[in-house]
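One structure is given below, encoded as structure tokens.
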Amino acid sequence: MTQGHNVVLDYGHTGLTLRAHPVSFLRKELAERRVVTCAEAMSARDGRWLMAAGLVLVRQRSGSAKGVIFMTLEDETGVANVVIWPKLFERSRRVALGASMIAINGRIQREGDVVHLVAQQLFDLSEDLTGLADRDLEFRLPTGRGDEFGHGTPGRPESREPSDQGMKSRDSLIPDLHIDQLKVKSRNFH
């Protein structure tokens, strides 16, 4: 199984994972589209225009906020706080309420320690999560000197592992039932 498949299964069973964050599998493609991480967005200077993306954790529309939507996005680097004004919400209602992964094009607003990304455009990236189960992370840490005892020697078979000469186990994965899309459950408060 790929690392992405393990993450998809974790989300399917528990709604979270302790493995790699789902967005980390998409980071290279997002960087090519000039989408910054949530940590970069929240540390950007006041007034900077940028695009950030992440999984939607929370959507909140408080009665006292006069129709403003507050959204929390998460990627492998942390969270970003997003403000969606009522006019943009009405134009992009389907994306704002239905996307499990979203990209926000907007402007950073800082007031003291409080930082928000004020949205100007919303993009549904939920389709990018399709096929996550087929992905592996590209970078793996090499073992260093002294790690051979715990991790084996790179390029050599592990002597403590059973060899392939014996009976082979049956693959329990049925390709037709392969789960290929991550399902993220966000919390919505109205």
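Naming works like this for the structure tokens: A, B, ... for the chains as they're shown, residue 1 at the start of each chain, ligands 1 onward in shown order.
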
Inset, instruction - Give the strand (DSSP E or B) residues of region 42-143 of chain A, as assigned by DSSP on the backbone, as an MDAnalysis selection string. - result: chainID A and resid 49:60 69:75 78:84 101:111 114:124 130

Inset, instruction - For region 63-72 of chain A, work out the shell of residues within 9 Å, counting only C-alpha atoms and skipping chain neighbours fewer than 2 positions away, then give it as JSON, numbers by chain. - result: {"A": [54, 55, 56, 57, 58, 59, 60, 61, 74, 79, 80, 81, 82, 83, 84, 85, 86, 89, 96, 190]}

Inset, instruction - May I have the residues within 8 Å of Ala20 (chain A) as a list in words, using only C-alpha atoms and disregarding those fewer than 2 positions away in the same chain? - result: Gln3, Val7, Thr17, Leu18, Pro22, Ser24 and Glu76 of chain A

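Put simply, CA of Thr77 (chain A) is 14.1 Å away from CA of Ala44 (chain A).
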
Inset, instruction - Assign secondary structure with DSSP using the backbone only, and return the residues of region 41-84 of chain A in helix (DSSP H, G or I) as a PyMOL selection string. - result: chain A and resi 41-43+63-65

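Using only C-alpha atoms for every distance, the candidate list A:Ile108, A:Leu50, A:Leu26, A:Leu97 yields A:Leu26 as the residue closest to Glu127 (chain A).
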
Inset, instruction - With a distance cut-off of 8 Å and only C-alpha atoms, select the neighbouring residues of Arg110 (chain A), excluding the residue or stretch itself and same-chain residues fewer than 6 positions from it, and output the selection as a VMD selection string. - result: chain A and resid 45 to 47 116

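Here the question is which of A:Ala41, A:Val35, A:Val8, A:Ala103 gets nearest to Leu129 (chain A) using only C-alpha atoms, and that residue is A:Val8.
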
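When CA of Glu111 (chain A) is paired with CA of Ser62 (chain A), their separation reads 20.4 Å.
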
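Picture a line from CA of Arg187 (chain A) to CA of Leu137 (chain A); it runs 28.0 Å.
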
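Counting only C-alpha atoms and comparing A:Leu88, A:Met1, A:Val114, A:Ala53, the residue that lies closest to Asp134 (chain A) is A:Met1.
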